[in-house]
file structure24.pdb (PDB, C-alpha atoms)
ATOM      1  CA  MET B 814      39.005   8.223   6.898  1.00  0.00           C
ATOM      2  CA  VAL B 815      39.091   7.774   3.150  1.00  0.00           C
ATOM      3  CA  ARG B 816      35.659   7.999   1.517  1.00  0.00           C
ATOM      4  CA  LEU B 817      34.772   5.979  -1.537  1.00  0.00           C
ATOM      5  CA  SER B 818      32.526   7.439  -4.215  1.00  0.00           C
ATOM      6  CA  THR B 819      30.783   6.164  -7.318  1.00  0.00           C
ATOM      7  CA  ARG B 820      31.242   7.258 -10.881  1.00  0.00           C
ATOM      8  CA  THR B 821      29.948   5.736 -14.073  1.00  0.00           C
ATOM      9  CA  SER B 822      32.075   4.650 -16.979  1.00  0.00           C
ATOM     10  CA  LYS B 823      31.461   3.152 -20.404  1.00  0.00           C
ATOM     11  CA  ARG B 824      31.831  -0.346 -18.999  1.00  0.00           C
ATOM     12  CA  GLY B 825      29.742   0.031 -15.826  1.00  0.00           C
ATOM     13  CA  ILE B 826      30.142   1.721 -12.456  1.00  0.00           C
ATOM     14  CA  ILE B 827      33.260   2.342 -10.366  1.00  0.00           C
ATOM     15  CA  TYR B 828      33.363   2.617  -6.565  1.00  0.00           C
ATOM     16  CA  ALA B 829      36.745   4.076  -5.634  1.00  0.00           C
ATOM     17  CA  VAL B 830      38.628   6.624  -3.554  1.00  0.00           C
ATOM     18  CA  SER B 831      37.225  10.037  -4.389  1.00  0.00           C
ATOM     19  CA  LEU B 832      39.032  12.195  -6.909  1.00  0.00           C
ATOM     20  CA  GLY B 833      39.020  15.147  -4.484  1.00  0.00           C
ATOM     21  CA  PHE B 834      40.993  13.168  -1.890  1.00  0.00           C
ATOM     22  CA  ARG B 835      43.573  12.037  -4.429  1.00  0.00           C
ATOM     23  CA  LEU B 836      43.996  15.514  -5.921  1.00  0.00           C
ATOM     24  CA  SER B 837      44.381  17.172  -2.533  1.00  0.00           C
ATOM     25  CA  CYS B 838      47.031  14.591  -1.568  1.00  0.00           C
ATOM     26  CA  TRP B 839      48.917  15.222  -4.827  1.00  0.00           C
ATOM     27  CA  VAL B 840      48.791  19.004  -4.305  1.00  0.00           C
ATOM     28  CA  LEU B 841      50.102  18.618  -0.747  1.00  0.00           C
ATOM     29  CA  THR B 842      52.818  16.212  -1.945  1.00  0.00           C
ATOM     30  CA  LEU B 843      53.999  18.591  -4.664  1.00  0.00           C
ATOM     31  CA  PHE B 844      53.938  21.568  -2.272  1.00  0.00           C
ATOM     32  CA  LEU B 845      56.013  19.706   0.331  1.00  0.00           C
ATOM     33  CA  PHE B 846      58.441  18.466  -2.331  1.00  0.00           C
ATOM     34  CA  TRP B 847      58.860  22.014  -3.618  1.00  0.00           C
ATOM     35  CA  GLY B 848      59.539  23.253  -0.079  1.00  0.00           C
ATOM     36  CA  LEU B 849      62.054  20.499   0.584  1.00  0.00           C
ATOM     37  CA  ALA B 850      63.850  21.069  -2.721  1.00  0.00           C
ATOM     38  CA  LEU B 851      63.996  24.828  -2.160  1.00  0.00           C
ATOM     39  CA  ASN B 852      65.409  24.511   1.358  1.00  0.00           C
ATOM     40  CA  VAL B 853      67.947  21.830   0.399  1.00  0.00           C
ATOM     41  CA  SER B 854      69.139  23.997  -2.530  1.00  0.00           C
ATOM     42  CA  GLU B 855      69.682  26.863  -0.067  1.00  0.00           C
ATOM     43  CA  GLY B 856      71.886  24.630   2.082  1.00  0.00           C
ATOM     44  CA  VAL B 857      69.467  23.759   4.884  1.00  0.00           C
ATOM     45  CA  PRO B 858      70.324  20.272   6.172  1.00  0.00           C
ATOM     46  CA  LEU B 859      67.666  17.641   5.622  1.00  0.00           C
ATOM     47  CA  THR B 860      68.006  16.460   9.216  1.00  0.00           C
ATOM     48  CA  SER B 861      66.592  19.782  10.442  1.00  0.00           C
ATOM     49  CA  MET B 862      63.454  19.191   8.324  1.00  0.00           C
ATOM     50  CA  ILE B 863      62.745  15.579   9.230  1.00  0.00           C
ATOM     51  CA  HIS B 864      59.133  16.415  10.122  1.00  0.00           C
ATOM     52  CA  ILE B 865      58.605  17.812   6.605  1.00  0.00           C
ATOM     53  CA  VAL B 866      60.060  14.616   5.141  1.00  0.00           C
ATOM     54  CA  PHE B 867      57.585  12.533   7.177  1.00  0.00           C
ATOM     55  CA  LEU B 868      54.692  14.758   6.074  1.00  0.00           C
ATOM     56  CA  PHE B 869      55.862  14.423   2.457  1.00  0.00           C
ATOM     57  CA  LEU B 870      55.963  10.620   2.701  1.00  0.00           C
ATOM     58  CA  PHE B 871      52.554  10.525   4.392  1.00  0.00           C
ATOM     59  CA  ALA B 872      51.018  12.760   1.681  1.00  0.00           C
ATOM     60  CA  LEU B 873      52.659  10.634  -1.030  1.00  0.00           C
ATOM     61  CA  MET B 874      51.145   7.486   0.492  1.00  0.00           C
ATOM     62  CA  GLY B 875      47.727   9.179   0.429  1.00  0.00           C
ATOM     63  CA  ALA B 876      48.193  10.186  -3.196  1.00  0.00           C
ATOM     64  CA  LEU B 877      49.211   6.666  -4.262  1.00  0.00           C
ATOM     65  CA  PHE B 878      46.542   4.863  -2.198  1.00  0.00           C
ATOM     66  CA  ARG B 879      44.015   2.935  -4.295  1.00  0.00           C
ATOM     67  CA  ASP B 880      40.863   1.158  -3.189  1.00  0.00           C
ATOM     68  CA  THR B 881      38.924   0.537  -6.378  1.00  0.00           C
ATOM     69  CA  TRP B 882      35.941  -1.647  -7.204  1.00  0.00           C
ATOM     70  CA  VAL B 883      34.965  -1.818 -10.879  1.00  0.00           C
ATOM     71  CA  PHE B 884      31.566  -3.358 -11.620  1.00  0.00           C
ATOM     72  CA  ASP B 885      31.975  -4.164 -15.334  1.00  0.00           C
ATOM     73  CA  VAL B 886      28.548  -4.724 -16.886  1.00  0.00           C
ATOM     74  CA  GLN B 887      29.893  -5.694 -20.316  1.00  0.00           C
ATOM     75  CA  THR B 888      32.001  -8.618 -19.099  1.00  0.00           C
ATOM     76  CA  ARG B 889      29.751  -9.192 -16.027  1.00  0.00           C
ATOM     77  CA  THR B 890      32.790  -9.112 -13.745  1.00  0.00           C
ATOM     78  CA  ILE B 891      33.749  -7.272 -10.556  1.00  0.00           C
ATOM     79  CA  TYR B 892      37.396  -6.184 -10.317  1.00  0.00           C
ATOM     80  CA  SER B 893      38.954  -5.113  -7.029  1.00  0.00           C
ATOM     81  CA  PHE B 894      42.315  -3.469  -6.328  1.00  0.00           C
ATOM     82  CA  TYR B 895      43.580  -2.427  -2.900  1.00  0.00           C
ATOM     83  CA  GLY B 896      47.080  -1.040  -2.432  1.00  0.00           C
ATOM     84  CA  PHE B 897      49.519   1.741  -3.240  1.00  0.00           C
ATOM     85  CA  GLY B 898      50.285   2.673  -6.840  1.00  0.00           C
ATOM     86  CA  TRP B 899      50.654  -0.565  -8.753  1.00  0.00           C
ATOM     87  CA  ILE B 900      51.531  -2.685  -5.679  1.00  0.00           C
ATOM     88  CA  GLY B 901      48.518  -4.263  -4.027  1.00  0.00           C
ATOM     89  CA  LYS B 902      45.947  -7.017  -3.897  1.00  0.00           C
ATOM     90  CA  LYS B 903      43.828  -7.753  -6.968  1.00  0.00           C
ATOM     91  CA  GLU B 904      40.632  -9.784  -6.935  1.00  0.00           C
ATOM     92  CA  GLN B 905      38.077 -10.686  -9.549  1.00  0.00           C
ATOM     93  CA  PHE B 906      34.530 -11.996  -9.160  1.00  0.00           C
ATOM     94  CA  ALA B 907      32.068 -12.988 -11.864  1.00  0.00           C
ATOM     95  CA  PHE B 908      28.516 -11.716 -11.412  1.00  0.00           C
ATOM     96  CA  SER B 909      27.449 -15.359 -11.298  1.00  0.00           C
ATOM     97  CA  GLU B 910      29.605 -15.870  -8.161  1.00  0.00           C
ATOM     98  CA  VAL B 911      27.819 -13.036  -6.318  1.00  0.00           C
ATOM     99  CA  ASN B 912      24.586 -13.865  -4.529  1.00  0.00           C
ATOM    100  CA  ARG B 913      23.761 -10.253  -3.640  1.00  0.00           C
ATOM    101  CA  LEU B 914      25.025  -6.856  -2.577  1.00  0.00           C
ATOM    102  CA  GLU B 915      24.484  -6.345   1.124  1.00  0.00           C
ATOM    103  CA  VAL B 916      24.252  -3.382   3.484  1.00  0.00           C
ATOM    104  CA  SER B 917      24.269  -4.297   7.156  1.00  0.00           C
ATOM    105  CA  HIS B 918      24.437  -2.256  10.323  1.00  0.00           C
ATOM    106  CA  PHE B 919      26.040  -2.937  13.695  1.00  0.00           C
ATOM    107  CA  VAL B 920      27.121  -1.059  16.784  1.00  0.00           C
ATOM    108  CA  ARG B 921      30.888  -1.097  17.263  1.00  0.00           C
ATOM    109  CA  GLY B 922      31.916  -2.131  20.751  1.00  0.00           C
ATOM    110  CA  SER B 923      28.829  -4.229  21.495  1.00  0.00           C
ATOM    111  CA  ILE B 924      27.896  -7.841  20.869  1.00  0.00           C
ATOM    112  CA  ASN B 925      24.227  -7.124  21.530  1.00  0.00           C
ATOM    113  CA  LYS B 926      22.378  -6.920  18.212  1.00  0.00           C
ATOM    114  CA  ASP B 927      19.827  -4.446  19.635  1.00  0.00           C
ATOM    115  CA  ALA B 928      22.397  -2.098  21.184  1.00  0.00           C
ATOM    116  CA  LYS B 929      21.856   1.628  20.785  1.00  0.00           C
ATOM    117  CA  PRO B 930      24.792   3.827  19.809  1.00  0.00           C
ATOM    118  CA  THR B 931      26.100   6.332  22.340  1.00  0.00           C
ATOM    119  CA  LYS B 932      28.210   9.424  21.828  1.00  0.00           C
ATOM    120  CA  ARG B 933      31.488   8.015  23.060  1.00  0.00           C
ATOM    121  CA  ARG B 934      32.050   4.285  22.951  1.00  0.00           C
ATOM    122  CA  LEU B 935      29.302   2.623  20.976  1.00  0.00           C
ATOM    123  CA  LYS B 936      29.246   3.842  17.386  1.00  0.00           C
ATOM    124  CA  ALA B 937      26.728   2.887  14.696  1.00  0.00           C
ATOM    125  CA  MET B 938      28.538   1.384  11.698  1.00  0.00           C
ATOM    126  CA  ILE B 939      27.586   0.415   8.131  1.00  0.00           C
ATOM    127  CA  VAL B 940      29.078  -2.511   6.221  1.00  0.00           C
ATOM    128  CA  PHE B 941      28.817  -2.700   2.429  1.00  0.00           C
ATOM    129  CA  SER B 942      29.739  -6.195   1.275  1.00  0.00           C
ATOM    130  CA  LEU B 943      29.401  -8.782  -1.452  1.00  0.00           C
ATOM    131  CA  ARG B 944      27.620 -11.954  -0.370  1.00  0.00           C
ATOM    132  CA  LEU B 945      29.051 -14.770  -2.496  1.00  0.00           C
ATOM    133  CA  ASN B 946      27.275 -17.964  -3.531  1.00  0.00           C
ATOM    134  CA  ASP B 947      29.622 -20.149  -1.455  1.00  0.00           C
ATOM    135  CA  ASP B 948      28.461 -18.303   1.707  1.00  0.00           C
ATOM    136  CA  GLY B 949      31.598 -16.180   1.653  1.00  0.00           C
ATOM    137  CA  VAL B 950      31.481 -12.476   2.337  1.00  0.00           C
ATOM    138  CA  ARG B 951      33.807  -9.848   0.883  1.00  0.00           C
ATOM    139  CA  ASP B 952      33.554  -6.514   2.727  1.00  0.00           C
ATOM    140  CA  ILE B 953      33.925  -3.488   0.485  1.00  0.00           C
ATOM    141  CA  GLU B 954      33.519  -0.670   2.996  1.00  0.00           C
ATOM    142  CA  ILE B 955      33.037  -0.416   6.756  1.00  0.00           C
ATOM    143  CA  ILE B 956      32.276   3.134   7.839  1.00  0.00           C
ATOM    144  CA  PRO B 957      30.545   4.962  10.711  1.00  0.00           C
ATOM    145  CA  GLU B 958      26.913   5.650   9.888  1.00  0.00           C
ATOM    146  CA  LYS B 959      27.266   9.322  10.792  1.00  0.00           C
ATOM    147  CA  THR B 960      30.257   9.733   8.458  1.00  0.00           C
ATOM    148  CA  SER B 961      28.398   7.990   5.648  1.00  0.00           C
ATOM    149  CA  GLY B 962      25.387  10.260   5.937  1.00  0.00           C
ATOM    150  CA  GLY B 963      23.425   8.031   3.566  1.00  0.00           C
ATOM    151  CA  ARG B 964      26.065   8.172   0.802  1.00  0.00           C
ATOM    152  CA  THR B 965      27.058   4.525   1.197  1.00  0.00           C
ATOM    153  CA  GLU B 966      23.442   3.380   0.927  1.00  0.00           C
ATOM    154  CA  ALA B 967      22.944   5.591  -2.145  1.00  0.00           C
ATOM    155  CA  ALA B 968      26.115   4.211  -3.746  1.00  0.00           C
ATOM    156  CA  VAL B 969      25.013   0.612  -3.149  1.00  0.00           C
ATOM    157  CA  ALA B 970      21.587   1.369  -4.620  1.00  0.00           C
ATOM    158  CA  ALA B 971      23.237   2.905  -7.711  1.00  0.00           C
ATOM    159  CA  ILE B 972      25.559  -0.078  -8.115  1.00  0.00           C
ATOM    160  CA  SER B 973      22.627  -2.452  -7.773  1.00  0.00           C
ATOM    161  CA  ALA B 974      20.624  -0.505 -10.374  1.00  0.00           C
ATOM    162  CA  VAL B 975      23.459  -0.482 -12.921  1.00  0.00           C
ATOM    163  CA  THR B 976      24.575  -4.094 -12.432  1.00  0.00           C
ATOM    164  CA  ALA B 977      21.135  -5.662 -11.787  1.00  0.00           C
ATOM    165  CA  LEU B 978      22.588  -7.540  -8.815  1.00  0.00           C
ATOM    166  CA  SER B 979      20.114  -8.103  -5.992  1.00  0.00           C
ATOM    167  CA  LEU B 980      20.373  -5.842  -2.964  1.00  0.00           C
ATOM    168  CA  PHE B 981      19.740  -6.678   0.695  1.00  0.00           C
ATOM    169  CA  VAL B 982      19.510  -3.972   3.363  1.00  0.00           C
ATOM    170  CA  ASP B 983      19.060  -5.276   6.917  1.00  0.00           C
ATOM    171  CA  ARG B 984      17.344  -2.102   8.125  1.00  0.00           C
ATOM    172  CA  PRO B 985      16.742   1.418   6.833  1.00  0.00           C
ATOM    173  CA  ARG B 986      19.067   4.236   7.723  1.00  0.00           C
ATOM    174  CA  ASP B 987      18.552   5.795  11.139  1.00  0.00           C
ATOM    175  CA  LEU B 988      16.731   9.071  10.725  1.00  0.00           C
ATOM    176  CA  ASP B 989      17.125  10.266  14.298  1.00  0.00           C
ATOM    177  CA  VAL B 990      19.578  12.996  13.347  1.00  0.00           C
ATOM    178  CA  GLN B 991      20.899  15.117  16.203  1.00  0.00           C
ATOM    179  CA  VAL B 992      19.468  18.632  15.760  1.00  0.00           C
ATOM    180  CA  GLY B 993      20.847  21.476  17.828  1.00  0.00           C
ATOM    181  CA  LEU B 994      20.123  25.177  18.154  1.00  0.00           C
ATOM    182  CA  ARG B 995      22.782  25.906  15.546  1.00  0.00           C
ATOM    183  CA  ASP B 996      20.737  23.992  12.948  1.00  0.00           C
ATOM    184  CA  LEU B 997      17.529  25.977  13.545  1.00  0.00           C
TER     185      LEU B 997
END
call {"tool": "encode", "arguments": {"input": "structure24.pdb", "output": "structure tokens"}}
result
Amino acid sequence: MVRLSTRTSKRGIIYAVSLGFRLSCWVLTLFLFWGLALNVSEGVPLTSMIHIVFLFLFALMGALFRDTWVFDVQTRTIYSFYGFGWIGKKEQFAFSEVNRLEVSHFVRGSINKDAKPTKRRLKAMIVFSLRLNDDGVRDIEIIPEKTSGGRTEAAVAAISAVTALSLFVDRPRDLDVQVGLRDL
């Protein structure tokens, strides 16, 4: 799962793939490329290292992956890019088109709104989305609540504070954290 993180810029706030993820993918890509180049120069056939080639391509895809949301306060515009490298989907929303920022919760695998998450099948999820004035919704991030650990809610609150867009949270974060003997 690729985590998004916030960082501020001169123009506003950016919600994008974390720098740590991108750097680790680039390091892995360069390491695998070095290994492939070294083995090919020593005469090892590429067909005997097909698994390394697949790992290299997978790491390269991770390094080139972009999921970026720029909340530009100066031009009062939200820019979105989702894709690999320079190839992807671009969207743009004016602040005036956005009704509010929204954080909603649901339990994956259940249609019951009051369902309780279980360990295996039913998982508590968080959805961070833009609610548009024309009753449209543009989801920014859908992530398990346990994986988020409150970071998604904090990021939405920071974006709302910087952009002055209204914020709607359907319920507070669950605080019933599983505590075991290891944590004591």
call {"tool": "closest_residue", "arguments": {"input": "structure24.pdb", "among": "B:Asn912, B:Pro858, B:Ala968, B:Arg921", "to": "Arg934 of chain B", "atoms": "only C-alpha atoms"}}
result
B:Arg921
call {"tool": "closest_residue", "arguments": {"input": "structure24.pdb", "among": "B:Val857, B:Phe834, B:Phe906, B:Asp885", "to": "Ala872 of chain B", "atoms": "all atoms listed in the file"}}
result
B:Phe834
call {"tool": "residues_around", "arguments": {"input": "structure24.pdb", "residues": "Met938 of chain B", "least_positions_apart": "2", "cutoff": "7 Å", "atoms": "only C-alpha atoms", "output": "MDAnalysis selection string"}}
result
chainID B and resid 918:921 936 940 955:958
call {"tool": "closest_residue", "arguments": {"input": "structure24.pdb", "among": "B:Gln887, B:Glu915, B:Asp880, B:Leu849", "to": "Gly901 of chain B", "atoms": "all atoms listed in the file"}}
result
B:Asp880
call {"tool": "resolve_selection", "arguments": {"input": "structure24.pdb", "expression": "the PyMOL selection byres ((chain B and resi 978) around 10)", "output": "number ranges by chain"}}
result
B: 908-909, 911-914, 970, 972-977, 979-981
call {"tool": "write_last_selection", "arguments": {"input": "structure24.pdb", "atoms": "C-alpha atoms", "output": "mmCIF file, in the coordinates of the input"}}
result
data_model
loop_
_atom_site.group_PDB
_atom_site.id
_atom_site.type_symbol
_atom_site.label_atom_id
_atom_site.label_comp_id
_atom_site.auth_asym_id
_atom_site.auth_seq_id
_atom_site.Cartn_x
_atom_site.Cartn_y
_atom_site.Cartn_z
ATOM 1 C CA PHE B 908 28.516 -11.716 -11.412
ATOM 2 C CA SER B 909 27.449 -15.359 -11.298
ATOM 3 C CA VAL B 911 27.819 -13.036 -6.318
ATOM 4 C CA ASN B 912 24.586 -13.865 -4.529
ATOM 5 C CA ARG B 913 23.761 -10.253 -3.640
ATOM 6 C CA LEU B 914 25.025 -6.856 -2.577
ATOM 7 C CA ALA B 970 21.587 1.369 -4.620
ATOM 8 C CA ILE B 972 25.559 -0.078 -8.115
ATOM 9 C CA SER B 973 22.627 -2.452 -7.773
ATOM 10 C CA ALA B 974 20.624 -0.505 -10.374
ATOM 11 C CA VAL B 975 23.459 -0.482 -12.921
ATOM 12 C CA THR B 976 24.575 -4.094 -12.432
ATOM 13 C CA ALA B 977 21.135 -5.662 -11.787
ATOM 14 C CA SER B 979 20.114 -8.103 -5.992
ATOM 15 C CA LEU B 980 20.373 -5.842 -2.964
ATOM 16 C CA PHE B 981 19.740 -6.678 0.695
#
call {"tool": "atom_distance", "arguments": {"input": "structure24.pdb", "atom1": "atom CA of Leu832 of chain B", "atom2": "atom CA of Leu877 of chain B"}}
result
11.9 Å
call {"tool": "resolve_selection", "arguments": {"input": "structure24.pdb", "expression": "the PyMOL selection byres ((chain B and resi 865) around 9)", "output": "list in words"}}
result
Leu845, Phe846, Gly848, Leu849, Met862, Ile863, His864, Val866, Phe867, Leu868, Phe869 and Leu870 of chain B
call {"tool": "atom_distance", "arguments": {"input": "structure24.pdb", "atom1": "atom CA of Met874 of chain B", "atom2": "atom CA of Thr842 of chain B"}}
result
9.2 Å
call {"tool": "atom_distance", "arguments": {"input": "structure24.pdb", "atom1": "atom CA of Phe878 of chain B", "atom2": "atom CA of Arg964 of chain B"}}
result
21.0 Å
call {"tool": "resolve_selection", "arguments": {"input": "structure24.pdb", "expression": "the PyMOL selection byres ((chain B and resi 820) around 12)", "output": "list in words"}}
result
Leu817, Ser818, Thr819, Thr821, Ser822, Lys823, Arg824, Gly825, Ile826, Ile827, Tyr828, Ala829, Val830, Ser831, Leu832, Thr881, Trp882, Val883, Phe884, Ala968, Val969, Ala971, Ile972 and Val975 of chain B
call {"tool": "build_atoms", "arguments": {"input": "structure24.pdb", "residues": "segment 954-983 of chain B", "atoms": "N, CA and C atoms", "output": "mmCIF file, keeping the file's coordinate frame"}}
result
data_model
loop_
_atom_site.group_PDB
_atom_site.id
_atom_site.type_symbol
_atom_site.label_atom_id
_atom_site.label_comp_id
_atom_site.auth_asym_id
_atom_site.auth_seq_id
_atom_site.Cartn_x
_atom_site.Cartn_y
_atom_site.Cartn_z
ATOM 1 N N GLU B 954 33.313 -1.876 2.188
ATOM 2 C CA GLU B 954 33.519 -0.670 2.996
ATOM 3 C C GLU B 954 32.856 -0.846 4.353
ATOM 4 N N ILE B 955 33.571 -0.462 5.397
ATOM 5 C CA ILE B 955 33.037 -0.416 6.756
ATOM 6 C C ILE B 955 33.270 1.005 7.243
ATOM 7 N N ILE B 956 32.181 1.705 7.557
ATOM 8 C CA ILE B 956 32.276 3.134 7.839
ATOM 9 C C ILE B 956 31.254 3.510 8.908
ATOM 10 N N PRO B 957 31.563 4.498 9.756
ATOM 11 C CA PRO B 957 30.545 4.962 10.711
ATOM 12 C C PRO B 957 29.322 5.512 9.982
ATOM 13 N N GLU B 958 28.155 5.222 10.532
ATOM 14 C CA GLU B 958 26.913 5.650 9.888
ATOM 15 C C GLU B 958 26.815 7.170 9.799
ATOM 16 N N LYS B 959 27.305 7.860 10.796
ATOM 17 C CA LYS B 959 27.266 9.322 10.792
ATOM 18 C C LYS B 959 28.172 9.887 9.694
ATOM 19 N N THR B 960 29.335 9.288 9.506
ATOM 20 C CA THR B 960 30.257 9.733 8.458
ATOM 21 C C THR B 960 29.669 9.473 7.079
ATOM 22 N N SER B 961 29.007 8.340 6.930
ATOM 23 C CA SER B 961 28.398 7.990 5.648
ATOM 24 C C SER B 961 27.309 8.979 5.264
ATOM 25 N N GLY B 962 26.459 9.305 6.206
ATOM 26 C CA GLY B 962 25.387 10.260 5.937
ATOM 27 C C GLY B 962 24.457 9.826 4.823
ATOM 28 N N GLY B 963 24.308 8.529 4.614
ATOM 29 C CA GLY B 963 23.425 8.031 3.566
ATOM 30 C C GLY B 963 24.109 7.848 2.219
ATOM 31 N N ARG B 964 25.366 8.287 2.092
ATOM 32 C CA ARG B 964 26.065 8.172 0.802
ATOM 33 C C ARG B 964 26.407 6.725 0.459
ATOM 34 N N THR B 965 26.746 5.929 1.468
ATOM 35 C CA THR B 965 27.058 4.525 1.197
ATOM 36 C C THR B 965 25.822 3.785 0.700
ATOM 37 N N GLU B 966 24.687 4.017 1.360
ATOM 38 C CA GLU B 966 23.442 3.380 0.927
ATOM 39 C C GLU B 966 23.061 3.805 -0.489
ATOM 40 N N ALA B 967 23.245 5.092 -0.797
ATOM 41 C CA ALA B 967 22.944 5.591 -2.145
ATOM 42 C C ALA B 967 23.882 4.975 -3.177
ATOM 43 N N ALA B 968 25.155 4.814 -2.823
ATOM 44 C CA ALA B 968 26.115 4.211 -3.746
ATOM 45 C C ALA B 968 25.768 2.752 -4.018
ATOM 46 N N VAL B 969 25.381 2.019 -2.968
ATOM 47 C CA VAL B 969 25.013 0.612 -3.149
ATOM 48 C C VAL B 969 23.762 0.495 -4.013
ATOM 49 N N ALA B 970 22.803 1.383 -3.798
ATOM 50 C CA ALA B 970 21.587 1.369 -4.620
ATOM 51 C C ALA B 970 21.921 1.663 -6.081
ATOM 52 N N ALA B 971 22.837 2.598 -6.331
ATOM 53 C CA ALA B 971 23.237 2.905 -7.711
ATOM 54 C C ALA B 971 23.966 1.731 -8.346
ATOM 55 N N ILE B 972 24.839 1.087 -7.588
ATOM 56 C CA ILE B 972 25.559 -0.078 -8.115
ATOM 57 C C ILE B 972 24.582 -1.204 -8.426
ATOM 58 N N SER B 973 23.621 -1.419 -7.548
ATOM 59 C CA SER B 973 22.627 -2.452 -7.773
ATOM 60 C C SER B 973 21.776 -2.147 -9.017
ATOM 61 N N ALA B 974 21.430 -0.888 -9.214
ATOM 62 C CA ALA B 974 20.624 -0.505 -10.374
ATOM 63 C C ALA B 974 21.383 -0.704 -11.682
ATOM 64 N N VAL B 975 22.671 -0.365 -11.692
ATOM 65 C CA VAL B 975 23.459 -0.482 -12.921
ATOM 66 C C VAL B 975 23.790 -1.938 -13.234
ATOM 67 N N THR B 976 24.121 -2.724 -12.207
ATOM 68 C CA THR B 976 24.575 -4.094 -12.432
ATOM 69 C C THR B 976 23.456 -5.124 -12.427
ATOM 70 N N ALA B 977 22.279 -4.757 -11.932
ATOM 71 C CA ALA B 977 21.135 -5.662 -11.787
ATOM 72 C C ALA B 977 21.420 -6.797 -10.804
ATOM 73 N N LEU B 978 22.363 -6.582 -9.897
ATOM 74 C CA LEU B 978 22.588 -7.540 -8.815
ATOM 75 C C LEU B 978 21.577 -7.253 -7.711
ATOM 76 N N SER B 979 21.113 -8.305 -7.040
ATOM 77 C CA SER B 979 20.114 -8.103 -5.992
ATOM 78 C C SER B 979 20.749 -7.383 -4.807
ATOM 79 N N LEU B 980 19.918 -6.664 -4.082
ATOM 80 C CA LEU B 980 20.373 -5.842 -2.964
ATOM 81 C C LEU B 980 19.616 -6.228 -1.711
ATOM 82 N N PHE B 981 20.341 -6.394 -0.602
ATOM 83 C CA PHE B 981 19.740 -6.678 0.695
ATOM 84 C C PHE B 981 20.196 -5.616 1.680
ATOM 85 N N VAL B 982 19.223 -4.953 2.323
ATOM 86 C CA VAL B 982 19.510 -3.972 3.363
ATOM 87 C C VAL B 982 18.846 -4.477 4.629
ATOM 88 N N ASP B 983 19.622 -4.677 5.702
ATOM 89 C CA ASP B 983 19.060 -5.276 6.917
ATOM 90 C C ASP B 983 18.088 -4.356 7.654
#
